[in-house]
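Heads up: the structure comes next, in structure tokens.
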Amino acid sequence: MAIVKFESFLKRVFEATGISSQTELASALNINRSAITQARKKDSIPDKWILKLYKTFGLSPDWVESGSGPTFLKKSTPDDSMFQNIPKVRARLSAGGGSFEVGSEIEGYYAFRKDWLTTKGNIKKMVLMDIFGNSMEPELKDGDTILIDESQKDILAGAVYAVGVDDTIMVKRLEKHPNKLVLLSDNKDYSPIYLQPSEIDSVRIIGKVIWICREFR
């Protein structure tokens, strides 16, 4: 028997909530991992799961079950659960020559465990952004989504940051050299960018990259 309904359900929920495994889903639903295995074999979605996803993440029951209609009926608040919604903005970070797509419009929200986020930085200052280009391969690939903590602006040598240079934004490793700032790419086909003191004022440290999400293709 083809397992279609359940796999579509998993894909929708993973994309909307930021949950990345069936084990994490079991934790969010407060069920045993084996219950997910049984539901998958039956190719069915228990009603109580749909209700729990609505209460925890604000997901529309119709959308959870069928994929039709709006994804969210409400936004969860910090007191709703153990999860925190992080906004994903329309702007894209270039792993290449620079992106002019710098809009701050929010496209949606993705949920993460609060206890995990607090170990990484300031929850209130976190944002998700997509990247495009191949200058940071193999660490970061075209189409990846990254989590950025905008409160972490102090440069740690070799760490990856979202940075703005003039009217463009990009993702690079940063290093401070005497009287200059260096923007490094992991892809050796791209040369380092050396910014002299007179140019450093044009650089905006947007925040430190603390997490990456990638879909298999």
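Letters for chains follow the order of the structure tokens (A, B, ...), residue numbers begin at 1 for each chain, and ligand numbers begin at 1 in the order shown.
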message = Need to verify the contact set: Cys213 (chain A), 8 Å, only C-alpha atoms, exclusion of same-chain residues closer than 3 positions in sequence. Can you return it as a list in words?
response =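 Close residues of Cys213 (chain A): Asp144, Thr145 and Ile146 of chain A.
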With a distance cut-off of 9 Å and only C-alpha atoms, select the neighbouring residues of Leu147 (chain A), excluding the residue or stretch itself and same-chain residues fewer than 6 positions from it, and output the selection as a compact mmCIF listing (two decimals) with N, CA and C atoms, in the first residue's frame.
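The resulting file, result-v4.txt, is shown below:
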```txt
# COMPACT_ATOMS: atom_id res chain seq x y z
N ILE A 86 9.86 31.58 15.18
CA ILE A 86 10.88 32.48 14.67
C ILE A 86 10.46 32.93 13.27
N LYS A 88 10.53 34.12 9.41
CA LYS A 88 11.36 34.00 8.21
C LYS A 88 11.05 35.18 7.33
N MET A 126 16.25 36.60 16.84
CA MET A 126 16.54 35.59 15.83
C MET A 126 15.62 35.71 14.63
N VAL A 127 16.16 35.38 13.46
CA VAL A 127 15.41 35.46 12.22
C VAL A 127 15.93 34.40 11.25
N LEU A 128 15.06 33.92 10.39
CA LEU A 128 15.43 32.94 9.37
C LEU A 128 15.52 33.62 8.00
N MET A 129 16.53 33.21 7.22
CA MET A 129 16.69 33.75 5.87
C MET A 129 17.19 32.65 4.94
N LYS A 208 25.09 36.65 13.62
CA LYS A 208 25.85 35.41 13.48
C LYS A 208 24.94 34.25 13.07
N VAL A 209 25.42 33.43 12.15
CA VAL A 209 24.68 32.25 11.71
C VAL A 209 24.86 31.16 12.76
N ILE A 210 23.74 30.63 13.28
CA ILE A 210 23.83 29.64 14.36
C ILE A 210 23.22 28.29 14.01
N TRP A 211 22.53 28.20 12.86
CA TRP A 211 21.87 26.93 12.51
C TRP A 211 21.57 26.93 11.03
N ILE A 212 21.52 25.75 10.43
CA ILE A 212 21.25 25.62 9.00
C ILE A 212 20.22 24.54 8.77
N CYS A 213 19.32 24.76 7.81
CA CYS A 213 18.32 23.77 7.41
C CYS A 213 18.48 23.53 5.91
```
Backbone-only DSSP, alpha helix (DSSP H) members of region 6-217 of chain A, as a PDB file with N, CA and C atoms, in the first residue's frame:
```
ATOM      1  N   PHE A   6       0.075  10.164   4.815  1.00  0.00           N
ATOM      2  CA  PHE A   6       0.906  10.417   5.995  1.00  0.00           C
ATOM      3  C   PHE A   6       2.206  11.121   5.625  1.00  0.00           C
ATOM      4  N   GLU A   7       2.817  10.729   4.515  1.00  0.00           N
ATOM      5  CA  GLU A   7       4.071  11.363   4.107  1.00  0.00           C
ATOM      6  C   GLU A   7       3.844  12.823   3.749  1.00  0.00           C
ATOM      7  N   SER A   8       2.724  13.128   3.102  1.00  0.00           N
ATOM      8  CA  SER A   8       2.396  14.518   2.789  1.00  0.00           C
ATOM      9  C   SER A   8       2.173  15.319   4.066  1.00  0.00           C
ATOM     10  N   PHE A   9       1.509  14.692   5.039  1.00  0.00           N
ATOM     11  CA  PHE A   9       1.293  15.314   6.349  1.00  0.00           C
ATOM     12  C   PHE A   9       2.626  15.652   7.009  1.00  0.00           C
ATOM     13  N   LEU A  10       3.546  14.700   7.028  1.00  0.00           N
ATOM     14  CA  LEU A  10       4.855  14.934   7.643  1.00  0.00           C
ATOM     15  C   LEU A  10       5.572  16.099   6.972  1.00  0.00           C
ATOM     16  N   LYS A  11       5.584  16.102   5.657  1.00  0.00           N
ATOM     17  CA  LYS A  11       6.290  17.155   4.916  1.00  0.00           C
ATOM     18  C   LYS A  11       5.712  18.530   5.252  1.00  0.00           C
ATOM     19  N   ARG A  12       4.385  18.633   5.281  1.00  0.00           N
ATOM     20  CA  ARG A  12       3.759  19.914   5.599  1.00  0.00           C
ATOM     21  C   ARG A  12       4.117  20.374   7.000  1.00  0.00           C
ATOM     22  N   VAL A  13       3.996  19.480   7.966  1.00  0.00           N
ATOM     23  CA  VAL A  13       4.247  19.848   9.362  1.00  0.00           C
ATOM     24  C   VAL A  13       5.710  20.205   9.579  1.00  0.00           C
ATOM     25  N   PHE A  14       6.614  19.446   8.988  1.00  0.00           N
ATOM     26  CA  PHE A  14       8.038  19.741   9.136  1.00  0.00           C
ATOM     27  C   PHE A  14       8.358  21.129   8.593  1.00  0.00           C
ATOM     28  N   GLU A  15       7.843  21.456   7.420  1.00  0.00           N
ATOM     29  CA  GLU A  15       8.148  22.742   6.796  1.00  0.00           C
ATOM     30  C   GLU A  15       7.547  23.899   7.590  1.00  0.00           C
ATOM     31  N   ALA A  16       6.347  23.713   8.140  1.00  0.00           N
ATOM     32  CA  ALA A  16       5.661  24.807   8.833  1.00  0.00           C
ATOM     33  C   ALA A  16       6.180  25.045  10.236  1.00  0.00           C
ATOM     34  N   THR A  17       6.696  24.007  10.892  1.00  0.00           N
ATOM     35  CA  THR A  17       7.081  24.132  12.299  1.00  0.00           C
ATOM     36  C   THR A  17       8.576  24.170  12.545  1.00  0.00           C
ATOM     37  N   GLN A  22      10.957  12.594  12.990  1.00  0.00           N
ATOM     38  CA  GLN A  22       9.792  12.001  13.618  1.00  0.00           C
ATOM     39  C   GLN A  22       9.955  11.932  15.128  1.00  0.00           C
ATOM     40  N   THR A  23      11.176  11.846  15.601  1.00  0.00           N
ATOM     41  CA  THR A  23      11.418  11.851  17.043  1.00  0.00           C
ATOM     42  C   THR A  23      11.028  13.200  17.644  1.00  0.00           C
ATOM     43  N   GLU A  24      11.397  14.295  16.967  1.00  0.00           N
ATOM     44  CA  GLU A  24      11.021  15.632  17.441  1.00  0.00           C
ATOM     45  C   GLU A  24       9.511  15.815  17.387  1.00  0.00           C
ATOM     46  N   LEU A  25       8.881  15.271  16.344  1.00  0.00           N
ATOM     47  CA  LEU A  25       7.428  15.375  16.233  1.00  0.00           C
ATOM     48  C   LEU A  25       6.755  14.639  17.384  1.00  0.00           C
ATOM     49  N   ALA A  26       7.262  13.455  17.723  1.00  0.00           N
ATOM     50  CA  ALA A  26       6.698  12.701  18.842  1.00  0.00           C
ATOM     51  C   ALA A  26       6.790  13.500  20.131  1.00  0.00           C
ATOM     52  N   SER A  27       7.916  14.198  20.329  1.00  0.00           N
ATOM     53  CA  SER A  27       8.087  15.024  21.526  1.00  0.00           C
ATOM     54  C   SER A  27       7.084  16.170  21.538  1.00  0.00           C
ATOM     55  N   ALA A  28       6.879  16.810  20.380  1.00  0.00           N
ATOM     56  CA  ALA A  28       5.940  17.926  20.293  1.00  0.00           C
ATOM     57  C   ALA A  28       4.505  17.471  20.540  1.00  0.00           C
ATOM     58  N   LEU A  29       4.179  16.257  20.098  1.00  0.00           N
ATOM     59  CA  LEU A  29       2.829  15.726  20.265  1.00  0.00           C
ATOM     60  C   LEU A  29       2.637  15.021  21.610  1.00  0.00           C
ATOM     61  N   ARG A  33       7.399   7.483  20.103  1.00  0.00           N
ATOM     62  CA  ARG A  33       7.861   7.405  18.710  1.00  0.00           C
ATOM     63  C   ARG A  33       7.167   6.272  17.962  1.00  0.00           C
ATOM     64  N   SER A  34       6.834   5.212  18.658  1.00  0.00           N
ATOM     65  CA  SER A  34       6.192   4.060  18.022  1.00  0.00           C
ATOM     66  C   SER A  34       4.801   4.411  17.497  1.00  0.00           C
ATOM     67  N   ALA A  35       4.141   5.401  18.124  1.00  0.00           N
ATOM     68  CA  ALA A  35       2.812   5.797  17.669  1.00  0.00           C
ATOM     69  C   ALA A  35       2.879   6.391  16.265  1.00  0.00           C
ATOM     70  N   ILE A  36       3.963   7.083  15.970  1.00  0.00           N
ATOM     71  CA  ILE A  36       4.140   7.639  14.630  1.00  0.00           C
ATOM     72  C   ILE A  36       4.362   6.516  13.627  1.00  0.00           C
ATOM     73  N   THR A  37       5.126   5.506  14.026  1.00  0.00           N
ATOM     74  CA  THR A  37       5.355   4.359  13.142  1.00  0.00           C
ATOM     75  C   THR A  37       4.044   3.668  12.809  1.00  0.00           C
ATOM     76  N   GLN A  38       3.184   3.494  13.805  1.00  0.00           N
ATOM     77  CA  GLN A  38       1.897   2.835  13.581  1.00  0.00           C
ATOM     78  C   GLN A  38       0.992   3.677  12.684  1.00  0.00           C
ATOM     79  N   ALA A  39       0.965   4.982  12.911  1.00  0.00           N
ATOM     80  CA  ALA A  39       0.139   5.855  12.082  1.00  0.00           C
ATOM     81  C   ALA A  39       0.632   5.852  10.639  1.00  0.00           C
ATOM     82  N   ARG A  40       1.929   5.784  10.471  1.00  0.00           N
ATOM     83  CA  ARG A  40       2.490   5.743   9.115  1.00  0.00           C
ATOM     84  C   ARG A  40       2.080   4.460   8.409  1.00  0.00           C
ATOM     85  N   LYS A  41       2.122   3.333   9.109  1.00  0.00           N
ATOM     86  CA  LYS A  41       1.725   2.057   8.503  1.00  0.00           C
ATOM     87  C   LYS A  41       0.262   2.086   8.072  1.00  0.00           C
ATOM     88  N   LYS A  42      -0.571   2.765   8.867  1.00  0.00           N
ATOM     89  CA  LYS A  42      -2.002   2.851   8.554  1.00  0.00           C
ATOM     90  C   LYS A  42      -2.301   3.971   7.559  1.00  0.00           C
ATOM     91  N   ASP A  47      -6.904  12.318  14.920  1.00  0.00           N
ATOM     92  CA  ASP A  47      -7.532  13.621  15.159  1.00  0.00           C
ATOM     93  C   ASP A  47      -6.871  14.374  16.309  1.00  0.00           C
ATOM     94  N   LYS A  48      -6.446  13.637  17.343  1.00  0.00           N
ATOM     95  CA  LYS A  48      -5.850  14.320  18.499  1.00  0.00           C
ATOM     96  C   LYS A  48      -4.506  14.965  18.137  1.00  0.00           C
ATOM     97  N   TRP A  49      -3.826  14.420  17.126  1.00  0.00           N
ATOM     98  CA  TRP A  49      -2.594  15.059  16.668  1.00  0.00           C
ATOM     99  C   TRP A  49      -2.907  16.391  16.011  1.00  0.00           C
ATOM    100  N   ILE A  50      -3.943  16.393  15.194  1.00  0.00           N
ATOM    101  CA  ILE A  50      -4.329  17.616  14.492  1.00  0.00           C
ATOM    102  C   ILE A  50      -4.701  18.706  15.494  1.00  0.00           C
ATOM    103  N   LEU A  51      -5.426  18.328  16.534  1.00  0.00           N
ATOM    104  CA  LEU A  51      -5.803  19.290  17.572  1.00  0.00           C
ATOM    105  C   LEU A  51      -4.572  19.798  18.306  1.00  0.00           C
ATOM    106  N   LYS A  52      -3.642  18.916  18.618  1.00  0.00           N
ATOM    107  CA  LYS A  52      -2.427  19.310  19.323  1.00  0.00           C
ATOM    108  C   LYS A  52      -1.590  20.271  18.481  1.00  0.00           C
ATOM    109  N   LEU A  53      -1.504  20.016  17.183  1.00  0.00           N
ATOM    110  CA  LEU A  53      -0.737  20.893  16.297  1.00  0.00           C
ATOM    111  C   LEU A  53      -1.384  22.270  16.199  1.00  0.00           C
ATOM    112  N   TYR A  54      -2.710  22.301  16.268  1.00  0.00           N
ATOM    113  CA  TYR A  54      -3.399  23.588  16.268  1.00  0.00           C
ATOM    114  C   TYR A  54      -3.105  24.355  17.561  1.00  0.00           C
ATOM    115  N   LYS A  55      -3.226  23.670  18.701  1.00  0.00           N
ATOM    116  CA  LYS A  55      -3.009  24.333  19.988  1.00  0.00           C
ATOM    117  C   LYS A  55      -1.564  24.778  20.172  1.00  0.00           C
ATOM    118  N   THR A  56      -0.624  23.977  19.691  1.00  0.00           N
ATOM    119  CA  THR A  56       0.793  24.264  19.909  1.00  0.00           C
ATOM    120  C   THR A  56       1.359  25.262  18.914  1.00  0.00           C
ATOM    121  N   PHE A  57       1.032  25.070  17.628  1.00  0.00           N
ATOM    122  CA  PHE A  57       1.648  25.892  16.588  1.00  0.00           C
ATOM    123  C   PHE A  57       0.673  26.826  15.872  1.00  0.00           C
ATOM    124  N   PRO A  61      -6.345  23.011  11.151  1.00  0.00           N
ATOM    125  CA  PRO A  61      -6.642  21.577  11.051  1.00  0.00           C
ATOM    126  C   PRO A  61      -6.884  21.121   9.617  1.00  0.00           C
ATOM    127  N   ASP A  62      -7.605  21.928   8.820  1.00  0.00           N
ATOM    128  CA  ASP A  62      -7.847  21.556   7.426  1.00  0.00           C
ATOM    129  C   ASP A  62      -6.542  21.468   6.648  1.00  0.00           C
ATOM    130  N   TRP A  63      -5.639  22.438   6.896  1.00  0.00           N
ATOM    131  CA  TRP A  63      -4.361  22.438   6.187  1.00  0.00           C
ATOM    132  C   TRP A  63      -3.503  21.256   6.608  1.00  0.00           C
ATOM    133  N   VAL A  64      -3.476  20.958   7.905  1.00  0.00           N
ATOM    134  CA  VAL A  64      -2.695  19.820   8.398  1.00  0.00           C
ATOM    135  C   VAL A  64      -3.152  18.524   7.744  1.00  0.00           C
ATOM    136  N   GLU A  65      -4.454  18.359   7.624  1.00  0.00           N
ATOM    137  CA  GLU A  65      -5.004  17.108   7.112  1.00  0.00           C
ATOM    138  C   GLU A  65      -4.933  17.003   5.593  1.00  0.00           C
ATOM    139  N   SER A  66      -5.182  18.118   4.902  1.00  0.00           N
ATOM    140  CA  SER A  66      -5.300  18.023   3.444  1.00  0.00           C
ATOM    141  C   SER A  66      -4.370  18.934   2.662  1.00  0.00           C
ATOM    142  N   LYS A 114      12.234  26.159  22.699  1.00  0.00           N
ATOM    143  CA  LYS A 114      12.788  27.302  23.415  1.00  0.00           C
ATOM    144  C   LYS A 114      14.065  26.940  24.168  1.00  0.00           C
ATOM    145  N   ASP A 115      14.067  25.753  24.791  1.00  0.00           N
ATOM    146  CA  ASP A 115      15.238  25.394  25.595  1.00  0.00           C
ATOM    147  C   ASP A 115      16.484  25.267  24.724  1.00  0.00           C
ATOM    148  N   TRP A 116      16.310  24.879  23.458  1.00  0.00           N
ATOM    149  CA  TRP A 116      17.448  24.806  22.540  1.00  0.00           C
ATOM    150  C   TRP A 116      17.871  26.192  22.100  1.00  0.00           C
ATOM    151  N   LEU A 117      16.900  27.028  21.751  1.00  0.00           N
ATOM    152  CA  LEU A 117      17.221  28.377  21.286  1.00  0.00           C
ATOM    153  C   LEU A 117      17.976  29.182  22.335  1.00  0.00           C
ATOM    154  N   THR A 118      17.585  29.029  23.591  1.00  0.00           N
ATOM    155  CA  THR A 118      18.227  29.829  24.639  1.00  0.00           C
ATOM    156  C   THR A 118      19.693  29.469  24.823  1.00  0.00           C
ATOM    157  N   THR A 119      20.093  28.264  24.409  1.00  0.00           N
ATOM    158  CA  THR A 119      21.507  27.894  24.482  1.00  0.00           C
ATOM    159  C   THR A 119      22.308  28.511  23.345  1.00  0.00           C
ATOM    160  N   LYS A 120      21.602  29.029  22.341  1.00  0.00           N
ATOM    161  CA  LYS A 120      22.274  29.556  21.146  1.00  0.00           C
ATOM    162  C   LYS A 120      22.386  31.075  21.130  1.00  0.00           C
ATOM    163  N   PRO A 197      40.114  50.291   6.231  1.00  0.00           N
ATOM    164  CA  PRO A 197      39.433  51.102   7.261  1.00  0.00           C
ATOM    165  C   PRO A 197      38.384  52.057   6.691  1.00  0.00           C
ATOM    166  N   SER A 198      38.678  52.672   5.559  1.00  0.00           N
ATOM    167  CA  SER A 198      37.725  53.623   4.973  1.00  0.00           C
ATOM    168  C   SER A 198      36.468  52.939   4.463  1.00  0.00           C
ATOM    169  N   GLU A 199      36.547  51.619   4.227  1.00  0.00           N
ATOM    170  CA  GLU A 199      35.404  50.873   3.701  1.00  0.00           C
ATOM    171  C   GLU A 199      34.614  50.156   4.788  1.00  0.00           C
ATOM    172  N   ILE A 200      35.228  49.965   5.951  1.00  0.00           N
ATOM    173  CA  ILE A 200      34.599  49.190   7.016  1.00  0.00           C
ATOM    174  C   ILE A 200      33.314  49.845   7.502  1.00  0.00           C
TER     175      ILE A 200
END
```
task = Kindly indicate which residue among A:Asn122, A:Thr71, A:Asn30, A:Ser191 lies nearest to Glu107 (chain A), using only C-alpha atoms for the distances.
result =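 Answer, going by the shortest atom-to-atom distance: A:Thr71.
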ask   = Can you tell me, as a ChimeraX atom specification, what residues are no more than 8 Å from Val171 (chain A) when counting only C-alpha atoms, ignoring any on the same chain fewer than 3 positions away?
value = /A:93-95,131,136,160-163
Picked from region 170-207 of chain A by DSSP as strand (DSSP E), as a VMD selection string = chain A and resid 170 to 177 180 to 184 193 to 195 203 to 207
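Comparing the minimum interatomic distances between Thr168 (chain A) and each of A:Gly58, A:Val203, A:Ile155, A:Phe72, counting only C-alpha atoms, we find that A:Val203 sits nearest.
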message = I need the residue nearest Ser60 (chain A) from this list: A:Leu73, A:Ala157, A:Ile169, A:Val89. Use only C-alpha atoms for the distance.
response =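 Checking each candidate against Ser60 (chain A), we get A:Leu73 as the closest.
What separates CA of Arg113 (chain A) from CA of Asn134 (chain A) is a distance of 29.8 Å.
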ask   = From the list A:Asp167, A:Asp154, A:Gly143, A:Pro138, which residue is nearest Lys188 (chain A) when using only C-alpha atoms?
value =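 Closest residue, counting only C-alpha atoms: A:Pro138.
In this structure, CA of Pro70 (chain A) sits 28.3 Å away from CA of Asp149 (chain A).
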Spatial neighbours of Leu181 (chain A), max dist 12 Å, only C-alpha atoms, sep filter under 3 positions, as a short mmCIF file (atom, residue, chain, number, x, y, z; two decimals) with C-alpha atoms, in the first residue's frame:
```
data_model
loop_
_atom_site.label_atom_id
_atom_site.label_comp_id
_atom_site.auth_asym_id
_atom_site.auth_seq_id
_atom_site.Cartn_x
_atom_site.Cartn_y
_atom_site.Cartn_z
CA ILE A 155 33.26 39.17 15.26
CA LEU A 156 34.66 35.77 16.20
CA ALA A 157 37.42 34.78 13.79
CA GLY A 158 36.23 32.18 11.32
CA VAL A 163 26.60 41.01 6.58
CA VAL A 165 27.90 45.89 2.41
CA LYS A 172 30.55 35.10 4.74
CA ARG A 173 33.15 34.03 7.27
CA LEU A 174 34.69 37.06 8.91
CA GLU A 175 38.17 37.72 10.17
CA LYS A 176 39.77 40.85 11.55
CA HIS A 177 43.26 41.62 10.29
CA PRO A 178 45.33 44.65 11.26
CA LEU A 184 35.99 34.81 3.35
CA PRO A 192 38.67 36.89 -0.11
CA ILE A 193 37.23 40.38 0.09
CA TYR A 194 39.53 42.78 1.93
CA LEU A 195 37.92 45.91 3.32
CA GLN A 196 40.18 48.78 4.30
CA PRO A 197 39.43 51.10 7.26
CA SER A 198 37.72 53.62 4.97
CA GLU A 199 35.40 50.87 3.70
CA ILE A 200 34.60 49.19 7.02
CA ASP A 201 32.06 51.87 7.88
CA SER A 202 29.94 50.62 4.97
CA VAL A 203 29.68 47.14 6.54
CA ARG A 204 26.71 46.16 8.73
CA ILE A 205 27.00 43.00 10.79
#
```
message = Report, in Å with one decimal, the straight-line distance from CA of Glu139 (chain A) to CA of Ala111 (chain A).
response =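 These atoms are spaced 23.5 Å apart.
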task = Excluding Asn85 (chain A) and residues on its chain fewer than 2 positions from it, collect all residues at most 7 Å away from it, counting only C-alpha atoms, and give them as number ranges by chain.
result = A: 83, 87, 109-112
request  = Select, from A:Asp166, A:Glu150, A:Glu215, A:Asp43, the residue with the minimum atom-to-atom distance to Ser20 (chain A), counting only C-alpha atoms.
outcome  =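 Result for the nearest residue to Ser20 (chain A): A:Glu215.
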